[in-house]
Amino acid sequence: MKKYLLASVAGVAALAMSGAAMAEIIVATAGPMTGQYASFGAQMKAGAEQAVADINAAGGVNGEMLVLEVGDDACDPKQAVAVANQMVGKNVAFIAGHFCSGSSIPASQVYAEESIIQITPASTNPKYTEERAGPGTYRVCGRDDQQGKVAGELLAGEFGDKNIAVIHDKTAYGKGLADATKAVMNGLGKQEALYEAYTAGEKDYTALVSKLKSEKVDVLYVGGYHTEAGLLKRQMADQGMDTILVSGDALVTDEYWSITGPTGAGTLMTFPPDPRNNAAAAAVVAALEAAEKTTEGYALYTYAAMQTWAAAATSAGTTDYDAVVEKLDEGKFATVLGEVSFDEKGDVSLPGYVWYEWKDGSYSYR
């Protein structure tokens, strides 16, 4: 079995001088630390850093201190695999990552092969657990089919008499979310006026917006990220459209409003109940705010991923892969998200998705 506890350079020196060595447990988070989705990487990094600090302040894991590694995959699948291999080389015991489903899924193959436990705080594509790479693959977030059910029901119900378009960015996350939403909506008898793909990373969506305008689209469901969704909303307004934009959890960043400005008012999105309102998260939120770090989006989800693994490893009395997996499979863990447990696929048992609305520069419950 792969061993994860490495003597640090400082510990080796201490051993030579005092006969006592301090061991370290290397853990990691990985996501888009750079690039157009870097705001989500900042959320993950903030949560992971605070979790490691708090766990160490409480005595570490089995008396040993955690050391955090941070990987940048820029939400690129190939880069994600490279990052995963780098983490293998650094002998990490655990990875809280990645963010994008298109990164987490291929990276999970590497972690599974190398007996590294992975808990993603944010990857919602069902394939991640439905085609699970190994027994140590988990998530503390929901799934696209859960999110799509909530969105599809709203579109078919509240907007059943409107012209609806469904578009996606061709990513594992965006297409998966759009298709899940479309399937539920169609199953309830509502057909979309338009179903299209767009290319992520572009700045000018005039042609697509013009097509939406010609189809008299009242409601636009976007399976994709905040950058493109924000541009689409703003460019629709520029063409005189008052179309309501509806999307998912990738809009939980203040950058969305930075892109849209006041035109973003009325945008709807699905996300789980705000964990910042949990009593168990109060101290963590206060610490992050005091350090002027973000508390939004997936910061607390990353904290909870670290928290859950640390609790399981403490219960096991070791960071041994099989022992910790056994504890994760059978245990219930108190976290900033509430009580966490996992089913046989590695999916989490937590409250589902609710609706938020953007207005006045922030999002709140609808």
# chains A, B, ... in the order shown; residues from 1 in each chain; ligands from 1

$ select_by_dssp --residues "stretch 25-194 of chain A" --states "strand (DSSP E)" --output "ChimeraX atom specification"
/A:25-31,65-72,94-97,117-120,137-139,164-168,194

$ residues_around --residues "A:Gln118" --least-positions-apart "6" --cutoff "9 Å" --atoms "only C-alpha atoms" --output "list of chain:residue names"
A:Phe94, A:Ile95, A:Ala96, A:Gly97, A:His98, A:Ser108, A:Tyr111, A:Ala112, A:Gly136, A:Thr137, A:Tyr138, A:Arg139, A:Ala305

$ residues_around --residues "A:Trp358" --least-positions-apart "4" --cutoff "12 Å" --atoms "only C-alpha atoms" --output "ChimeraX atom specification"
/A:230,244-247,251-258,260-270,362-366

$ closest_residue --among "A:Val324, A:Met44, A:Ile105, A:Val285" --to "A:Ala172" --atoms "only C-alpha atoms"
A:Ile105

$ closest_residue --among "A:Lys233, A:Lys45, A:His226, A:Lys190" --to "A:Val209" --atoms "only C-alpha atoms"
A:Lys233

$ select_by_dssp --residues "stretch 11-153 of chain A" --states "alpha helix (DSSP H)" --output "PyMOL selection string"
chain A and resi 11-18+38-57+77-89+101-113+127-130+144-153

$ write_last_selection --atoms "C-alpha atoms" --output "short mmCIF file (atom, residue, chain, number, x, y, z; two decimals), in the first residue's frame"
data_model
loop_
_atom_site.label_atom_id
_atom_site.label_comp_id
_atom_site.auth_asym_id
_atom_site.auth_seq_id
_atom_site.Cartn_x
_atom_site.Cartn_y
_atom_site.Cartn_z
CA GLY A 11 11.76 17.17 10.47
CA VAL A 12 14.87 15.37 9.24
CA ALA A 13 16.99 18.20 10.59
CA ALA A 14 15.16 18.03 13.90
CA LEU A 15 15.73 14.28 14.03
CA ALA A 16 19.43 14.78 13.62
CA MET A 17 19.51 17.41 16.35
CA SER A 18 16.95 16.17 18.85
CA ALA A 38 -10.14 31.88 -11.82
CA SER A 39 -12.74 33.35 -9.45
CA PHE A 40 -13.79 29.76 -8.70
CA GLY A 41 -10.17 28.77 -8.14
CA ALA A 42 -9.94 31.61 -5.62
CA GLN A 43 -12.98 30.22 -3.83
CA MET A 44 -11.42 26.77 -3.62
CA LYS A 45 -8.03 28.04 -2.50
CA ALA A 46 -9.59 30.19 0.23
CA GLY A 47 -11.62 27.28 1.56
CA ALA A 48 -8.72 24.83 1.45
CA GLU A 49 -6.28 27.20 3.15
CA GLN A 50 -8.71 27.96 5.95
CA ALA A 51 -9.51 24.27 6.45
CA VAL A 52 -5.84 23.33 6.69
CA ALA A 53 -5.18 26.18 9.12
CA ASP A 54 -8.13 25.18 11.32
CA ILE A 55 -7.32 21.46 11.25
CA ASN A 56 -3.69 22.14 12.16
CA ALA A 57 -4.72 24.52 14.94
CA PRO A 77 -8.86 18.44 -19.12
CA LYS A 78 -5.30 17.80 -20.33
CA GLN A 79 -3.87 20.24 -17.82
CA ALA A 80 -5.96 18.59 -15.12
CA VAL A 81 -4.37 15.22 -15.85
CA ALA A 82 -0.93 16.85 -15.72
CA VAL A 83 -1.79 18.40 -12.37
CA ALA A 84 -3.02 15.02 -11.09
CA ASN A 85 0.28 13.43 -12.04
CA GLN A 86 2.14 16.25 -10.32
CA MET A 87 0.17 15.56 -7.17
CA VAL A 88 1.12 11.90 -7.40
CA GLY A 89 4.76 12.98 -7.55
CA SER A 101 -16.38 18.32 -14.39
CA GLY A 102 -14.29 18.13 -17.54
CA SER A 103 -11.22 18.27 -15.29
CA SER A 104 -12.39 16.11 -12.38
CA ILE A 105 -13.43 13.18 -14.55
CA PRO A 106 -10.11 12.50 -16.33
CA ALA A 107 -8.07 13.43 -13.24
CA SER A 108 -10.06 10.93 -11.18
CA GLN A 109 -8.55 8.10 -13.23
CA VAL A 110 -5.07 9.14 -12.12
CA TYR A 111 -6.02 9.49 -8.47
CA ALA A 112 -7.83 6.14 -8.45
CA GLU A 113 -4.87 4.34 -9.99
CA LYS A 127 -20.58 10.67 -15.04
CA TYR A 128 -18.07 11.50 -12.30
CA THR A 129 -19.76 9.05 -9.93
CA GLU A 130 -21.90 6.99 -12.32
CA ASP A 144 -26.59 18.01 -12.89
CA ASP A 145 -29.62 15.74 -12.97
CA GLN A 146 -30.71 17.08 -9.56
CA GLN A 147 -30.11 20.64 -10.69
CA GLY A 148 -31.73 19.99 -14.07
CA LYS A 149 -34.88 18.66 -12.41
CA VAL A 150 -35.36 21.90 -10.48
CA ALA A 151 -34.61 24.02 -13.56
CA GLY A 152 -36.71 21.95 -15.95
CA GLU A 153 -39.71 22.10 -13.65
#

$ residues_around --residues "A:Asp72" --least-positions-apart "4" --cutoff "6 Å" --atoms "only C-alpha atoms" --output "JSON, numbers by chain"
{"A": [30, 31, 32, 33]}

$ write_last_selection --atoms "all heavy atoms" --output "CSV table (one decimal), in the first residue's frame"
chain,number,residue,atom,x,y,z
A,30,ALA,N,-7.2,21.6,-6.3
A,30,ALA,CA,-6.8,21.9,-7.7
A,30,ALA,C,-8.1,22.4,-8.4
A,30,ALA,O,-9.2,21.8,-8.2
A,30,ALA,CB,-6.3,20.7,-8.4
A,31,GLY,N,-7.9,23.4,-9.2
A,31,GLY,CA,-9.0,24.0,-10.0
A,31,GLY,C,-8.4,25.1,-10.8
A,31,GLY,O,-7.2,25.2,-11.0
A,32,PRO,N,-9.3,25.9,-11.3
A,32,PRO,CA,-8.9,27.0,-12.2
A,32,PRO,C,-8.3,28.2,-11.5
A,32,PRO,O,-9.0,29.2,-11.2
A,32,PRO,CB,-10.2,27.4,-13.0
A,32,PRO,CG,-11.2,27.1,-11.9
A,32,PRO,CD,-10.8,25.9,-11.2
A,33,MET,N,-7.0,28.1,-11.1
A,33,MET,CA,-6.4,29.2,-10.4
A,33,MET,C,-6.1,30.4,-11.3
A,33,MET,O,-5.9,31.5,-10.8
A,33,MET,CB,-5.1,28.7,-9.7
A,33,MET,CG,-5.4,27.6,-8.7
A,33,MET,SD,-6.6,28.0,-7.4
A,33,MET,CE,-7.1,26.3,-6.9

$ closest_residue --among "A:Ala165, A:Leu177, A:Gln307, A:Ser123" --to "A:Ala58" --atoms "only C-alpha atoms"
A:Gln307

$ residues_around --residues "A:Val219" --least-positions-apart "2" --cutoff "9 Å" --atoms "only C-alpha atoms" --output "list in words"
Leu155, Phe159, Lys162, Asn163, Ile164, Ala165, Val166, Val217, Tyr221, Asp242, Thr243, Ile244, Leu245 and Val246 of chain A

$ atom_distance --atom1 "atom CA of A:Tyr173" --atom2 "atom CA of A:Pro273"
20.2 Å

$ atom_distance --atom1 "atom CA of A:Ile26" --atom2 "atom CA of A:Val92"
4.8 Å

$ decode --residues "stretch 29-41 of chain A" --atoms "N, CA, C and O atoms" --output "PDB file, in the first residue's frame"
ATOM      1  N   THR A  29      -5.523  20.969  -3.182  1.00  0.00           N
ATOM      2  CA  THR A  29      -6.722  21.368  -3.911  1.00  0.00           C
ATOM      3  C   THR A  29      -6.279  21.739  -5.314  1.00  0.00           C
ATOM      4  O   THR A  29      -5.125  22.149  -5.518  1.00  0.00           O
ATOM      5  N   ALA A  30      -7.167  21.576  -6.272  1.00  0.00           N
ATOM      6  CA  ALA A  30      -6.822  21.888  -7.659  1.00  0.00           C
ATOM      7  C   ALA A  30      -8.058  22.375  -8.384  1.00  0.00           C
ATOM      8  O   ALA A  30      -9.152  21.843  -8.204  1.00  0.00           O
ATOM      9  N   GLY A  31      -7.858  23.404  -9.198  1.00  0.00           N
ATOM     10  CA  GLY A  31      -8.957  23.984  -9.958  1.00  0.00           C
ATOM     11  C   GLY A  31      -8.429  25.097 -10.835  1.00  0.00           C
ATOM     12  O   GLY A  31      -7.217  25.223 -11.046  1.00  0.00           O
ATOM     13  N   PRO A  32      -9.306  25.944 -11.338  1.00  0.00           N
ATOM     14  CA  PRO A  32      -8.872  27.028 -12.234  1.00  0.00           C
ATOM     15  C   PRO A  32      -8.302  28.219 -11.465  1.00  0.00           C
ATOM     16  O   PRO A  32      -8.999  29.196 -11.204  1.00  0.00           O
ATOM     17  N   MET A  33      -7.049  28.127 -11.098  1.00  0.00           N
ATOM     18  CA  MET A  33      -6.413  29.220 -10.364  1.00  0.00           C
ATOM     19  C   MET A  33      -6.076  30.392 -11.284  1.00  0.00           C
ATOM     20  O   MET A  33      -5.880  31.516 -10.828  1.00  0.00           O
ATOM     21  N   THR A  34      -6.010  30.116 -12.568  1.00  0.00           N
ATOM     22  CA  THR A  34      -5.817  31.165 -13.571  1.00  0.00           C
ATOM     23  C   THR A  34      -6.853  30.962 -14.676  1.00  0.00           C
ATOM     24  O   THR A  34      -7.536  29.943 -14.729  1.00  0.00           O
ATOM     25  N   GLY A  35      -6.954  31.944 -15.563  1.00  0.00           N
ATOM     26  CA  GLY A  35      -7.882  31.826 -16.674  1.00  0.00           C
ATOM     27  C   GLY A  35      -9.213  32.477 -16.375  1.00  0.00           C
ATOM     28  O   GLY A  35      -9.409  33.116 -15.339  1.00  0.00           O
ATOM     29  N   GLN A  36     -10.170  32.283 -17.289  1.00  0.00           N
ATOM     30  CA  GLN A  36     -11.432  33.004 -17.190  1.00  0.00           C
ATOM     31  C   GLN A  36     -12.324  32.532 -16.052  1.00  0.00           C
ATOM     32  O   GLN A  36     -13.284  33.225 -15.674  1.00  0.00           O
ATOM     33  N   TYR A  37     -12.016  31.373 -15.468  1.00  0.00           N
ATOM     34  CA  TYR A  37     -12.807  30.880 -14.343  1.00  0.00           C
ATOM     35  C   TYR A  37     -12.035  30.946 -13.032  1.00  0.00           C
ATOM     36  O   TYR A  37     -12.340  30.235 -12.068  1.00  0.00           O
ATOM     37  N   ALA A  38     -11.027  31.806 -12.983  1.00  0.00           N
ATOM     38  CA  ALA A  38     -10.141  31.882 -11.817  1.00  0.00           C
ATOM     39  C   ALA A  38     -10.863  32.299 -10.543  1.00  0.00           C
ATOM     40  O   ALA A  38     -10.377  32.029  -9.438  1.00  0.00           O
ATOM     41  N   SER A  39     -12.016  32.970 -10.664  1.00  0.00           N
ATOM     42  CA  SER A  39     -12.740  33.346  -9.446  1.00  0.00           C
ATOM     43  C   SER A  39     -13.164  32.105  -8.662  1.00  0.00           C
ATOM     44  O   SER A  39     -13.209  32.120  -7.426  1.00  0.00           O
ATOM     45  N   PHE A  40     -13.428  31.006  -9.380  1.00  0.00           N
ATOM     46  CA  PHE A  40     -13.790  29.763  -8.696  1.00  0.00           C
ATOM     47  C   PHE A  40     -12.547  29.120  -8.065  1.00  0.00           C
ATOM     48  O   PHE A  40     -12.633  28.522  -6.998  1.00  0.00           O
ATOM     49  N   GLY A  41     -11.410  29.250  -8.728  1.00  0.00           N
ATOM     50  CA  GLY A  41     -10.171  28.773  -8.138  1.00  0.00           C
ATOM     51  C   GLY A  41      -9.865  29.511  -6.846  1.00  0.00           C
ATOM     52  O   GLY A  41      -9.406  28.919  -5.859  1.00  0.00           O
TER      53      GLY A  41
END
